[in-house]
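Structure data follow from structure-v2.cif (mmCIF, C-alpha atoms):
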data_start
loop_
_atom_site.label_atom_id
_atom_site.label_comp_id
_atom_site.auth_asym_id
_atom_site.auth_seq_id
_atom_site.Cartn_x
_atom_site.Cartn_y
_atom_site.Cartn_z
CA MET C 405 61.67 -58.26 5.23
CA ALA C 406 62.04 -54.90 6.89
CA THR C 407 65.62 -53.70 7.26
CA ASN C 408 67.04 -52.61 10.63
CA LEU C 409 66.92 -49.04 9.45
CA GLN C 410 63.23 -49.29 8.62
CA ILE C 411 62.50 -50.79 12.03
CA GLN C 412 64.46 -48.00 13.72
CA ASP C 413 62.48 -45.48 11.69
CA ARG C 414 59.25 -46.99 12.80
CA VAL C 415 60.27 -47.11 16.44
CA GLN C 416 61.25 -43.46 16.21
CA ALA C 417 57.99 -42.50 14.53
CA LYS C 418 55.97 -44.37 17.11
CA LYS C 419 57.85 -42.64 19.91
CA GLU C 420 56.89 -39.31 18.38
CA VAL C 421 53.28 -40.11 17.69
CA ARG C 422 52.76 -41.51 21.16
CA ARG C 423 52.62 -37.87 22.20
CA ILE C 424 49.37 -37.59 20.32
CA LYS C 425 46.72 -37.66 22.99
CA ASN C 426 43.50 -37.91 21.09
CA LEU C 427 44.13 -40.46 18.39
CA PRO C 428 41.50 -40.44 15.71
CA THR C 429 39.30 -43.40 16.62
CA VAL C 430 38.42 -45.90 13.94
CA PRO C 431 34.96 -44.99 12.68
CA GLY C 432 32.60 -47.32 14.58
CA ILE C 433 30.81 -48.50 11.49
CA VAL C 434 34.10 -49.48 9.81
CA ALA C 435 35.06 -51.62 12.81
CA LYS C 436 31.62 -53.24 12.75
CA ILE C 437 31.83 -54.03 9.05
CA SER C 438 35.32 -55.49 9.49
CA ARG C 439 34.04 -57.79 12.23
CA MET C 440 31.02 -58.80 10.15
CA VAL C 441 33.12 -59.52 7.06
CA GLU C 442 35.44 -61.77 9.09
CA ASN C 443 32.47 -64.02 9.78
CA PRO C 444 32.01 -66.27 6.73
CA GLU C 445 28.28 -66.58 7.48
CA THR C 446 27.70 -62.86 6.92
CA SER C 447 25.79 -62.06 3.76
CA ALA C 448 26.12 -58.96 1.58
CA ALA C 449 22.53 -58.10 2.46
CA GLU C 450 23.37 -58.00 6.20
CA VAL C 451 26.33 -55.67 5.63
CA GLY C 452 24.13 -53.58 3.34
CA ARG C 453 21.48 -53.28 6.05
CA LEU C 454 24.09 -52.19 8.61
CA ILE C 455 25.43 -49.40 6.37
CA ALA C 456 21.95 -48.38 5.24
CA GLN C 457 20.96 -47.74 8.89
CA ASP C 458 23.06 -44.59 8.70
CA GLN C 459 21.28 -42.62 6.01
CA VAL C 460 23.77 -39.75 5.81
CA LEU C 461 26.65 -42.17 5.47
CA SER C 462 24.90 -44.30 2.85
CA ALA C 463 24.04 -41.22 0.83
CA LYS C 464 27.74 -40.24 0.78
CA VAL C 465 28.80 -43.76 -0.16
CA LEU C 466 26.24 -43.92 -2.99
CA ARG C 467 27.30 -40.52 -4.25
CA MET C 468 30.88 -41.74 -4.56
CA ALA C 469 29.79 -45.08 -6.05
CA ASN C 470 27.88 -43.16 -8.74
CA SER C 471 30.61 -40.60 -9.37
CA ALA C 472 32.95 -40.48 -12.34
CA PHE C 473 35.33 -42.67 -10.29
CA PHE C 474 33.65 -45.85 -11.40
CA GLY C 475 31.93 -44.69 -14.58
CA MET C 476 28.89 -46.89 -14.02
CA SER C 477 26.47 -46.97 -16.93
CA ARG C 478 23.55 -47.56 -14.57
CA LYS C 479 22.88 -45.78 -11.33
CA ILE C 480 23.68 -47.73 -8.16
CA SER C 481 20.64 -47.03 -6.01
CA SER C 482 21.27 -49.07 -2.86
CA ILE C 483 24.15 -50.15 -0.65
CA SER C 484 23.40 -53.81 -1.30
CA GLN C 485 23.61 -53.16 -5.04
CA ALA C 486 26.94 -51.35 -4.50
CA LEU C 487 28.22 -54.37 -2.57
CA VAL C 488 27.33 -56.70 -5.45
CA ILE C 489 28.76 -54.46 -8.19
CA LEU C 490 31.84 -52.98 -6.48
CA GLY C 491 32.57 -55.67 -3.89
CA PHE C 492 33.06 -55.71 -0.10
CA GLU C 493 36.52 -54.16 -0.03
CA VAL C 494 35.62 -51.21 -2.24
CA VAL C 495 32.40 -50.42 -0.36
CA LYS C 496 34.27 -50.74 2.94
CA GLY C 497 36.86 -48.27 1.59
CA LEU C 498 34.10 -45.86 0.55
CA VAL C 499 32.47 -46.16 3.99
CA LEU C 500 35.85 -45.43 5.58
CA THR C 501 36.39 -42.47 3.25
CA SER C 502 32.91 -41.08 3.95
CA SER C 503 33.52 -41.47 7.69
CA VAL C 504 36.80 -39.55 7.60
CA PHE C 505 35.66 -37.02 4.98
CA ASP C 506 35.09 -34.26 7.56
CA MET C 507 38.51 -34.94 9.08
CA ILE C 508 40.21 -34.66 5.68
CA GLN C 509 38.30 -31.45 4.87
CA LYS C 510 39.25 -29.92 8.21
CA SER C 511 42.92 -30.90 8.06
CA MET C 512 44.24 -28.95 5.10
CA ALA C 513 42.64 -26.90 2.33
CA GLY C 514 42.78 -28.83 -0.93
CA LEU C 515 43.78 -32.20 0.57
CA TRP C 516 40.39 -33.74 -0.22
CA GLU C 517 40.71 -32.58 -3.85
CA HIS C 518 44.25 -34.03 -3.96
CA SER C 519 42.84 -37.29 -2.57
CA ILE C 520 40.02 -37.63 -5.10
CA GLY C 521 42.43 -36.62 -7.87
CA CYS C 522 44.92 -39.28 -6.79
CA ALA C 523 42.09 -41.81 -6.60
CA ALA C 524 40.95 -41.03 -10.15
CA ALA C 525 44.55 -41.16 -11.42
CA SER C 526 45.12 -44.49 -9.61
CA GLY C 527 42.00 -45.82 -11.29
CA ALA C 528 43.17 -44.54 -14.69
CA VAL C 529 46.64 -46.12 -14.38
CA ALA C 530 45.18 -49.40 -13.08
CA THR C 531 42.65 -49.47 -15.94
CA LEU C 532 45.35 -48.82 -18.53
CA LEU C 533 47.34 -51.71 -17.05
CA GLY C 534 44.24 -53.91 -17.35
CA ARG C 535 44.05 -54.61 -13.60
CA ASP C 536 40.87 -56.31 -12.48
CA ASP C 537 41.29 -54.76 -9.01
CA ALA C 538 41.28 -51.18 -10.40
CA GLU C 539 38.47 -50.14 -8.02
CA GLU C 540 40.37 -51.29 -4.94
CA ILE C 541 43.52 -49.50 -6.09
CA LEU C 542 41.41 -46.38 -6.60
CA VAL C 543 40.32 -46.54 -2.95
CA ALA C 544 43.99 -46.88 -1.90
CA GLY C 545 44.66 -43.65 -3.83
CA LEU C 546 41.76 -41.99 -2.05
CA LEU C 547 43.22 -42.71 1.40
CA HIS C 548 46.98 -42.58 0.74
CA ASP C 549 47.55 -39.26 2.56
CA LEU C 550 45.60 -39.99 5.77
CA GLY C 551 48.91 -39.53 7.61
CA LYS C 552 48.77 -35.83 6.72
CA VAL C 553 45.34 -35.66 8.34
CA VAL C 554 46.80 -37.07 11.57
CA LEU C 555 49.65 -34.54 11.42
CA ALA C 556 47.32 -31.61 10.83
CA LEU C 557 44.70 -32.54 13.42
CA ASN C 558 46.84 -34.10 16.14
CA LEU C 559 50.18 -32.29 15.84
CA PRO C 560 49.06 -28.79 14.75
CA GLU C 561 52.25 -27.05 15.94
CA GLU C 562 54.45 -29.50 13.97
CA MET C 563 52.15 -29.04 10.99
CA ARG C 564 52.61 -25.28 11.17
CA LEU C 565 56.41 -25.63 11.22
CA VAL C 566 56.35 -28.02 8.25
CA GLN C 567 54.16 -25.66 6.25
CA GLN C 568 56.45 -22.75 7.12
CA ARG C 569 59.45 -24.73 5.81
CA VAL C 570 57.56 -25.71 2.64
CA ASN C 571 56.64 -22.08 1.99
CA SER C 572 60.26 -21.00 2.36
CA GLY C 573 61.63 -22.79 -0.70
CA PRO C 574 61.20 -25.53 -3.25
CA ILE C 575 60.97 -28.43 -0.81
CA LEU C 576 58.58 -31.36 -0.73
CA PHE C 577 56.22 -31.77 2.19
CA TYR C 578 57.72 -35.11 3.24
CA GLU C 579 61.24 -33.71 3.03
CA ALA C 580 60.26 -30.87 5.34
CA GLU C 581 58.61 -33.36 7.71
CA ASN C 582 61.73 -35.52 7.80
CA GLN C 583 64.04 -32.53 8.32
CA LEU C 584 62.02 -31.08 11.15
CA LEU C 585 60.39 -34.08 12.80
CA ASP C 586 62.48 -37.12 11.80
CA PHE C 587 59.36 -38.82 10.53
CA ASP C 588 56.80 -38.09 7.85
CA HIS C 589 53.12 -38.55 7.08
CA SER C 590 53.72 -41.98 5.56
CA GLU C 591 54.82 -43.27 8.98
CA LEU C 592 51.85 -41.57 10.63
CA GLY C 593 49.69 -43.27 8.00
CA GLN C 594 51.22 -46.64 8.79
CA TRP C 595 50.61 -46.11 12.47
CA LEU C 596 46.99 -45.14 11.84
CA ALA C 597 46.52 -48.11 9.52
CA GLU C 598 47.79 -50.49 12.24
CA HIS C 599 45.66 -48.78 14.87
CA TRP C 600 42.59 -49.09 12.66
CA ASN C 601 43.48 -52.56 11.44
CA LEU C 602 43.24 -51.56 7.78
CA PRO C 603 43.96 -54.15 5.07
CA GLU C 604 47.41 -54.15 3.45
CA SER C 605 45.91 -52.96 0.15
CA LEU C 606 45.26 -49.64 1.92
CA ALA C 607 48.04 -49.71 4.54
CA GLU C 608 51.02 -50.32 2.29
CA PRO C 609 50.26 -47.48 -0.19
CA MET C 610 49.68 -45.19 2.83
CA ARG C 611 53.09 -46.18 4.21
CA LEU C 612 55.16 -46.42 1.03
CA HIS C 613 53.70 -44.15 -1.67
CA HIS C 614 56.95 -42.14 -1.61
CA ARG C 615 59.16 -45.29 -1.47
CA PRO C 616 57.15 -47.82 -3.51
CA GLU C 617 60.23 -49.96 -4.27
CA LYS C 618 60.13 -51.04 -0.60
CA ALA C 619 56.64 -52.53 -0.85
CA VAL C 620 56.45 -56.29 -0.37
CA LEU C 621 52.80 -57.16 0.24
CA LYS C 622 51.05 -54.96 -2.34
CA PRO C 623 53.93 -53.73 -4.53
CA GLU C 624 51.88 -53.05 -7.66
CA CYS C 625 49.05 -51.27 -5.88
CA THR C 626 51.64 -49.15 -4.02
CA ALA C 627 53.53 -48.39 -7.25
CA ILE C 628 50.30 -47.32 -9.00
CA VAL C 629 49.37 -44.94 -6.16
CA HIS C 630 52.95 -43.57 -6.30
CA ILE C 631 52.63 -42.80 -10.04
CA ALA C 632 49.08 -41.45 -9.57
CA ASP C 633 50.27 -39.06 -6.84
CA ILE C 634 52.89 -37.72 -9.25
CA ILE C 635 50.37 -37.31 -12.07
CA VAL C 636 47.79 -35.47 -9.98
CA ARG C 637 50.48 -33.15 -8.55
CA ALA C 638 51.73 -32.48 -12.07
CA LYS C 639 48.16 -31.50 -12.97
CA GLY C 640 48.10 -29.11 -10.01
CA PHE C 641 44.74 -30.55 -8.93
CA GLY C 642 44.12 -30.01 -5.22
CA ASN C 643 46.81 -29.39 -2.62
CA ALA C 644 49.16 -32.06 -1.24
CA GLY C 645 50.97 -29.59 1.01
CA ASP C 646 53.57 -28.42 -1.51
CA LEU C 647 53.38 -27.40 -5.17
CA LEU C 648 56.07 -29.75 -6.47
CA VAL C 649 56.10 -32.96 -8.46
CA PRO C 650 58.03 -35.51 -6.37
CA PRO C 651 60.71 -37.75 -7.94
CA VAL C 652 59.52 -40.94 -9.58
CA SER C 653 60.74 -44.35 -8.41
CA ASN C 654 62.24 -45.86 -11.55
CA ALA C 655 62.01 -49.32 -9.95
CA ALA C 656 58.26 -48.90 -9.47
CA TRP C 657 57.84 -47.52 -12.99
CA GLU C 658 59.68 -50.47 -14.51
CA MET C 659 57.92 -53.04 -12.35
CA LEU C 660 54.55 -51.83 -13.67
CA GLY C 661 55.86 -52.08 -17.25
CA LEU C 662 54.64 -48.56 -18.03
CA ARG C 663 55.95 -46.71 -21.08
CA LYS C 664 56.40 -42.98 -21.47
CA THR C 665 53.76 -42.97 -24.22
CA ASP C 666 51.22 -44.26 -21.65
CA PHE C 667 50.97 -40.77 -20.10
CA LEU C 668 48.85 -39.57 -23.02
CA PRO C 669 45.99 -42.10 -22.67
CA ILE C 670 46.18 -41.83 -18.85
CA LEU C 671 45.85 -38.03 -18.92
CA GLU C 672 43.09 -38.21 -21.54
CA MET C 673 41.19 -40.68 -19.36
CA LEU C 674 41.77 -38.56 -16.26
CA GLU C 675 40.81 -35.11 -17.56
CA PRO C 676 37.01 -35.57 -17.92
CA LYS C 677 36.94 -37.52 -14.64
CA LEU C 678 38.57 -34.66 -12.75
CA ALA C 679 36.08 -32.23 -14.28
CA SER C 680 33.15 -34.38 -13.18
CA LEU C 681 34.60 -35.13 -9.74
CA CYS C 682 34.43 -31.45 -8.80
CA ASP C 683 30.94 -32.14 -7.50
CA LEU C 684 32.42 -34.53 -4.90
CA THR C 685 34.22 -31.64 -3.28
CA SER C 686 31.33 -31.20 -0.88
CA ILE C 687 29.79 -34.58 -0.23
CA SER C 688 28.61 -33.75 3.27
CA MET K 134 35.69 -29.82 -21.80
CA PRO K 135 32.79 -31.59 -20.10
CA LYS K 136 31.73 -30.19 -16.75
CA ARG K 137 29.26 -31.44 -14.14
CA ILE K 138 26.92 -28.70 -12.97
CA PRO K 139 24.01 -28.69 -10.51
CA ILE K 140 20.62 -28.80 -12.18
CA ASP K 141 19.75 -25.23 -11.10
CA LYS K 142 22.75 -23.95 -13.09
CA ALA K 143 21.78 -25.83 -16.27
CA LEU K 144 20.34 -23.66 -19.06
CA PRO K 145 18.29 -24.47 -22.14
CA GLY K 146 20.58 -24.66 -25.16
CA GLN K 147 23.53 -26.25 -23.33
CA ILE K 148 24.85 -29.49 -24.83
CA LEU K 149 24.91 -32.70 -22.80
CA ALA K 150 28.43 -34.11 -22.65
CA GLU K 151 27.18 -37.42 -21.19
CA LYS K 152 23.98 -39.33 -21.77
CA LEU K 153 21.35 -38.76 -19.13
CA THR K 154 19.61 -41.72 -17.52
CA ARG K 155 16.85 -42.13 -14.97
CA HIS K 156 17.82 -43.71 -11.62
CA ASP K 157 16.71 -47.11 -13.00
CA GLY K 158 18.90 -46.73 -16.10
CA VAL K 159 16.25 -45.69 -18.64
CA LEU K 160 17.71 -43.24 -21.17
CA LEU K 161 16.29 -39.70 -20.89
CA ALA K 162 18.53 -37.81 -23.31
CA SER K 163 21.50 -38.87 -25.37
CA GLN K 164 25.02 -37.46 -25.33
CA GLY K 165 25.35 -34.44 -27.60
CA SER K 166 21.70 -33.43 -27.37
CA GLU K 167 20.58 -29.95 -26.43
CA ILE K 168 18.96 -29.24 -23.06
CA SER K 169 15.38 -28.03 -23.48
CA GLU K 170 13.10 -26.36 -20.94
CA GLY K 171 10.92 -29.49 -20.99
CA LEU K 172 13.91 -31.68 -20.13
CA LEU K 173 14.84 -29.41 -17.20
CA ARG K 174 11.29 -29.64 -15.80
CA MET K 175 11.38 -33.42 -16.16
CA LEU K 176 14.75 -33.68 -14.37
CA ALA K 177 13.49 -31.57 -11.49
CA ARG K 178 10.49 -33.92 -11.09
CA MET K 179 12.81 -36.93 -11.07
CA ASN K 180 15.15 -35.50 -8.42
CA ILE K 181 18.13 -35.63 -10.75
CA ASP K 182 20.49 -33.12 -9.16
CA SER K 183 23.24 -32.59 -11.74
CA VAL K 184 24.08 -32.93 -15.44
CA VAL K 185 27.33 -33.05 -17.41
CA VAL K 186 27.42 -30.38 -20.10
CA GLU K 187 29.94 -29.19 -22.64
CA GLU K 188 31.49 -26.09 -21.19
CA GLN K 189 30.82 -23.09 -23.40
CA GLU K 190 33.70 -20.80 -24.15
CA SER K 191 33.30 -17.36 -22.67
CA ARG K 192 36.95 -16.26 -22.80
CA THR K 193 38.47 -14.04 -25.47
CA ALA K 194 41.42 -15.25 -27.57
CA GLU K 195 43.75 -13.06 -25.46
CA GLN K 196 42.46 -14.63 -22.25
CA VAL K 197 42.98 -18.12 -23.68
CA GLU K 198 46.60 -17.25 -24.54
CA ALA K 199 47.13 -15.68 -21.11
CA ASP K 200 45.69 -18.78 -19.39
CA PHE K 201 47.96 -21.01 -21.44
CA ASN K 202 51.02 -18.92 -20.54
CA LEU K 203 50.09 -19.04 -16.87
CA PHE K 204 49.67 -22.81 -17.13
CA THR K 205 53.14 -23.28 -18.66
CA GLU K 206 54.74 -21.06 -15.99
CA GLN K 207 53.10 -23.06 -13.22
CA LEU K 208 54.03 -26.33 -14.92
CA GLU K 209 57.71 -25.26 -14.97
CA LEU K 210 57.56 -24.45 -11.26
CA ARG K 211 55.98 -27.79 -10.35
CA PHE K 212 58.72 -29.66 -12.17
CA ILE K 213 61.56 -27.47 -10.91
CA ARG K 214 63.06 -30.19 -8.72
CA ILE K 215 63.23 -33.14 -11.09
CA GLU K 216 64.81 -31.93 -14.32
CA PRO K 217 67.01 -35.01 -14.94
CA GLN K 218 64.31 -37.70 -14.62
CA SER K 219 63.33 -38.82 -18.12
CA VAL K 220 59.99 -40.35 -17.07
CA LEU K 221 58.93 -37.06 -15.55
CA GLN K 222 60.21 -35.12 -18.54
CA ALA K 223 57.87 -37.28 -20.64
CA LEU K 224 54.97 -36.48 -18.28
CA LYS K 225 55.69 -32.76 -18.54
CA LYS K 226 55.97 -32.93 -22.33
CA THR K 227 52.65 -34.79 -22.58
CA MET K 228 50.91 -32.23 -20.36
CA LEU K 229 52.28 -29.40 -22.44
CA TYR K 230 51.16 -31.13 -25.62
CA LEU K 231 47.60 -31.54 -24.27
CA ALA K 232 47.47 -27.92 -23.10
CA GLU K 233 48.63 -26.69 -26.52
CA LYS K 234 46.02 -28.86 -28.18
CA GLU K 235 43.27 -27.49 -25.94
CA ARG K 236 44.44 -23.92 -26.52
CA ASP K 237 44.48 -24.40 -30.30
CA GLU K 238 41.03 -26.04 -30.33
CA THR K 239 39.60 -23.26 -28.16
CA LEU K 240 41.15 -20.55 -30.34
CA ALA K 241 39.75 -22.26 -33.44
CA LEU K 242 36.28 -22.22 -31.85
CA ILE K 243 36.56 -18.55 -30.87
CA ASN K 244 37.83 -17.47 -34.29
CA ASN K 245 35.43 -19.62 -36.24
CA PRO K 246 32.25 -20.37 -34.28
CA ALA K 247 30.29 -23.09 -36.04
CA PRO K 248 26.71 -24.37 -35.71
CA ASP K 249 26.32 -27.26 -33.25
CA GLU K 250 26.29 -30.13 -35.75
CA THR K 251 29.41 -28.93 -37.53
CA THR K 252 31.16 -28.29 -34.22
CA GLU K 253 30.75 -31.93 -33.29
CA HIS K 254 32.03 -33.05 -36.68
CA ILE K 255 35.10 -30.83 -36.52
CA SER K 256 35.98 -31.82 -32.97
CA GLN K 257 35.80 -35.54 -33.85
CA ASP K 258 38.10 -35.06 -36.83
CA GLY K 259 40.38 -32.92 -34.72
CA ALA K 260 40.64 -35.62 -32.07
CA GLU K 261 41.69 -38.20 -34.65
CA GLU K 262 44.29 -35.94 -36.18
CA SER K 263 45.78 -35.02 -32.85
CA GLU K 264 45.99 -38.66 -31.78
CA GLN K 265 48.08 -39.40 -34.85
CA LYS K 266 50.15 -36.33 -34.14
CA ALA K 267 50.53 -37.48 -30.55
CA ASP K 268 52.12 -40.75 -31.65
CA GLY K 269 54.75 -38.85 -33.57
CA ASP K 270 55.25 -36.24 -30.88
CA GLN K 271 55.63 -38.59 -27.97
CA PRO K 272 59.07 -39.58 -26.75
CA ALA K 273 60.26 -43.05 -27.75
CA ASN K 274 59.29 -45.94 -25.51
CA SER K 275 61.36 -46.16 -22.40
CA ARG K 276 61.79 -49.91 -22.60
#

Mind converting the file's structure to structure tokens?
Amino acid sequence: MATNLQIQDRVQAKKEVRRIKNLPTVPGIVAKISRMVENPETSAAEVGRLIAQDQVLSAKVLRMANSAFFGMSRKISSISQALVILGFEVVKGLVLTSSVFDMIQKSMAGLWEHSIGCAAASGAVATLLGRDDAEEILVAGLLHDLGKVVLALNLPEEMRLVQQRVNSGPILFYEAENQLLDFDHSELGQWLAEHWNLPESLAEPMRLHHRPEKAVLKPECTAIVHIADIIVRAKGFGNAGDLLVPPVSNAAWEMLGLRKTDFLPILEMLEPKLASLCDLTSIS
Amino acid sequence: MPKRIPIDKALPGQILAEKLTRHDGVLLASQGSEISEGLLRMLARMNIDSVVVEEQESRTAEQVEADFNLFTEQLELRFIRIEPQSVLQALKKTMLYLAEKERDETLALINNPAPDETTEHISQDGAEESEQKADGDQPANSR
């Protein structure tokens, strides 16, 4: 249940973002896939054919499917094969990511690297915890900061002020956003997720990766993305807007049952992945 | 440290850090093997665009130390806001431990370059030792 305060926050955020004139539109192909998947008669082959029609997009999706993210022992050579091996939700997430890749690249230098780093760290934490939905959680990590993309592309003046505040002292990006704008990128992310009709497994981490203890629908996925964000910032991989490690939610940490000794295997798993993922920095 | 490089940057003599397979999964070269000119020609024919190689050390011992010092300074700055949180202290300590380990391994390689086969042997032993050390070095479980 959302508290009154949360609802007020959201109303406030929506009031602010209504000023955005050109909302990013949901990538057409993502909307089409969502509609197709809702129909129980749709087969994987049909979805595969739809994605494969766009050769540039399918090449990007296959490049990510074959990257160090998933550590496949055999090369995935077609979209239909990716659908069978990685599943509908993951491929849909990769299509979405490929569709917004240019937007992310344009928004803020280093944000794409932060996103792939957070994705790899989400995958590493989820794998360590033995989650069988590790790939889906990885995609949530990939898209968790889409709200920053909206801020950068649709509210450039506000973005400039936030960056100015961040540069002036040790302050986190979301703290600067809240001080100056009364909302932050997580609310912009939530608003975008609603507008685009994204599944909760993506929407809740976008909305609550800085307050994971508030998650109700996908609490573990949100908590994992929260921890992954911290790890990748600690590594200094990419740019999330500020250079600081944000505070950890002890509630989220305890809910996942993580131990402090788990950082070693997570970081050891992550290091070679980050090195290999450098070639995803220009997937266009 | 393994690194993915585009095929046009790969050189004969570099060591593969991951096995290399054809698009249909057939093994072309195993992990740890040396890249030959023949292999490079074959990869070009097969449209394989990148390989993962062991990065070769080109820094001097002084540069390695300087890089490590820069890393620790930056690490301190990143963690400047959250000193009291024990979970994050553990993360910082683990990162420092891994950076020290990498520095020491690199310095050992620079000071005592070994032929390829021996290098592999030493690094495997080193990994085992440091894992044991890690258990002792790590903070006690939080729960």

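From CA of Ala638 in chain C back to CA of Met659 in chain C, the distance works out to 21.5 Å.
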
**OP:** Please evaluate the PyMOL selection byres ((chain C) within 10 of (chain K)) against the structure above and give the resulting residues as a ChimeraX atom specification.
**Re:** /C:472,477-481,574-576,634-635,637-640,646-654,657-658,661-669,671-672,675-683

Name the residues that the PyMOL selection byres ((chain C and resi 453-455) around 12) picks from the file above, as a short mmCIF file (atom, residue, chain, number, x, y, z; two decimals) with C-alpha atoms, in the coordinates of the input, using the file's chain letters and numbers.
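Dumped to selection.cif:
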data_model
loop_
_atom_site.label_atom_id
_atom_site.label_comp_id
_atom_site.auth_asym_id
_atom_site.auth_seq_id
_atom_site.Cartn_x
_atom_site.Cartn_y
_atom_site.Cartn_z
CA GLY C 432 32.60 -47.32 14.58
CA ILE C 433 30.81 -48.50 11.49
CA VAL C 434 34.10 -49.48 9.81
CA ALA C 435 35.06 -51.62 12.81
CA LYS C 436 31.62 -53.24 12.75
CA ILE C 437 31.83 -54.03 9.05
CA SER C 438 35.32 -55.49 9.49
CA ARG C 439 34.04 -57.79 12.23
CA MET C 440 31.02 -58.80 10.15
CA VAL C 441 33.12 -59.52 7.06
CA THR C 446 27.70 -62.86 6.92
CA SER C 447 25.79 -62.06 3.76
CA ALA C 448 26.12 -58.96 1.58
CA ALA C 449 22.53 -58.10 2.46
CA GLU C 450 23.37 -58.00 6.20
CA VAL C 451 26.33 -55.67 5.63
CA GLY C 452 24.13 -53.58 3.34
CA ALA C 456 21.95 -48.38 5.24
CA GLN C 457 20.96 -47.74 8.89
CA ASP C 458 23.06 -44.59 8.70
CA GLN C 459 21.28 -42.62 6.01
CA VAL C 460 23.77 -39.75 5.81
CA LEU C 461 26.65 -42.17 5.47
CA SER C 462 24.90 -44.30 2.85
CA ALA C 463 24.04 -41.22 0.83
CA LYS C 464 27.74 -40.24 0.78
CA VAL C 465 28.80 -43.76 -0.16
CA LEU C 466 26.24 -43.92 -2.99
CA SER C 482 21.27 -49.07 -2.86
CA ILE C 483 24.15 -50.15 -0.65
CA SER C 484 23.40 -53.81 -1.30
CA GLN C 485 23.61 -53.16 -5.04
CA ALA C 486 26.94 -51.35 -4.50
CA LEU C 487 28.22 -54.37 -2.57
CA PHE C 492 33.06 -55.71 -0.10
CA VAL C 495 32.40 -50.42 -0.36
CA LYS C 496 34.27 -50.74 2.94
CA LEU C 498 34.10 -45.86 0.55
CA VAL C 499 32.47 -46.16 3.99
CA LEU C 500 35.85 -45.43 5.58
CA SER C 502 32.91 -41.08 3.95
CA SER C 503 33.52 -41.47 7.69
#

Subject >> Atom pair CA of Arg467 in chain C / CA of Val543 in chain C: separation (Å) >> reply: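 Between CA of Arg467 in chain C and CA of Val543 in chain C the gap is 14.4 Å.
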
Original post:
Once the PyMOL selection byres ((chain K and resi 170) around 12) has been applied to the shown file, what residues remain in the selection, as a list of chain:residue names?
Top reply: K:Ile140, K:Asp141, K:Ala143, K:Leu144, K:Pro145, K:Gly146, K:Gln147, K:Glu167, K:Ile168, K:Ser169, K:Gly171, K:Leu172, K:Leu173, K:Arg174, K:Met175, K:Leu176, K:Ala177

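Using only C-alpha atoms, the contacts of Gly521 in chain C at a cut-off of 8 Å, with sequence neighbours closer than 5 positions omitted, comprise Leu546, Val636, Phe641, Gly642 and Leu678 of chain C.
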
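The gap separating CA of Ile631 in chain C from CA of Val529 in chain C is 8.1 Å, in Å to one decimal.
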
Subject >> Contacts of Asp536 in chain C at 12 Å (all atoms listed in the file; same-chain gap of 5+ positions) as a list in words >> reply: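 Contacts, in chain order: Leu490, Gly491, Gly527, Val529, Ala530, Thr531, Ile541, Leu542 and Cys625 of chain C.
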
Emit the selected residues as an mmCIF file, in the coordinates of the input, including C-alpha atoms.
data_model
loop_
_atom_site.group_PDB
_atom_site.id
_atom_site.type_symbol
_atom_site.label_atom_id
_atom_site.label_comp_id
_atom_site.auth_asym_id
_atom_site.auth_seq_id
_atom_site.Cartn_x
_atom_site.Cartn_y
_atom_site.Cartn_z
ATOM 1 C CA LEU C 490 31.840 -52.980 -6.480
ATOM 2 C CA GLY C 491 32.570 -55.670 -3.890
ATOM 3 C CA GLY C 527 42.000 -45.820 -11.290
ATOM 4 C CA VAL C 529 46.640 -46.120 -14.380
ATOM 5 C CA ALA C 530 45.180 -49.400 -13.080
ATOM 6 C CA THR C 531 42.650 -49.470 -15.940
ATOM 7 C CA ILE C 541 43.520 -49.500 -6.090
ATOM 8 C CA LEU C 542 41.410 -46.380 -6.600
ATOM 9 C CA CYS C 625 49.050 -51.270 -5.880
#
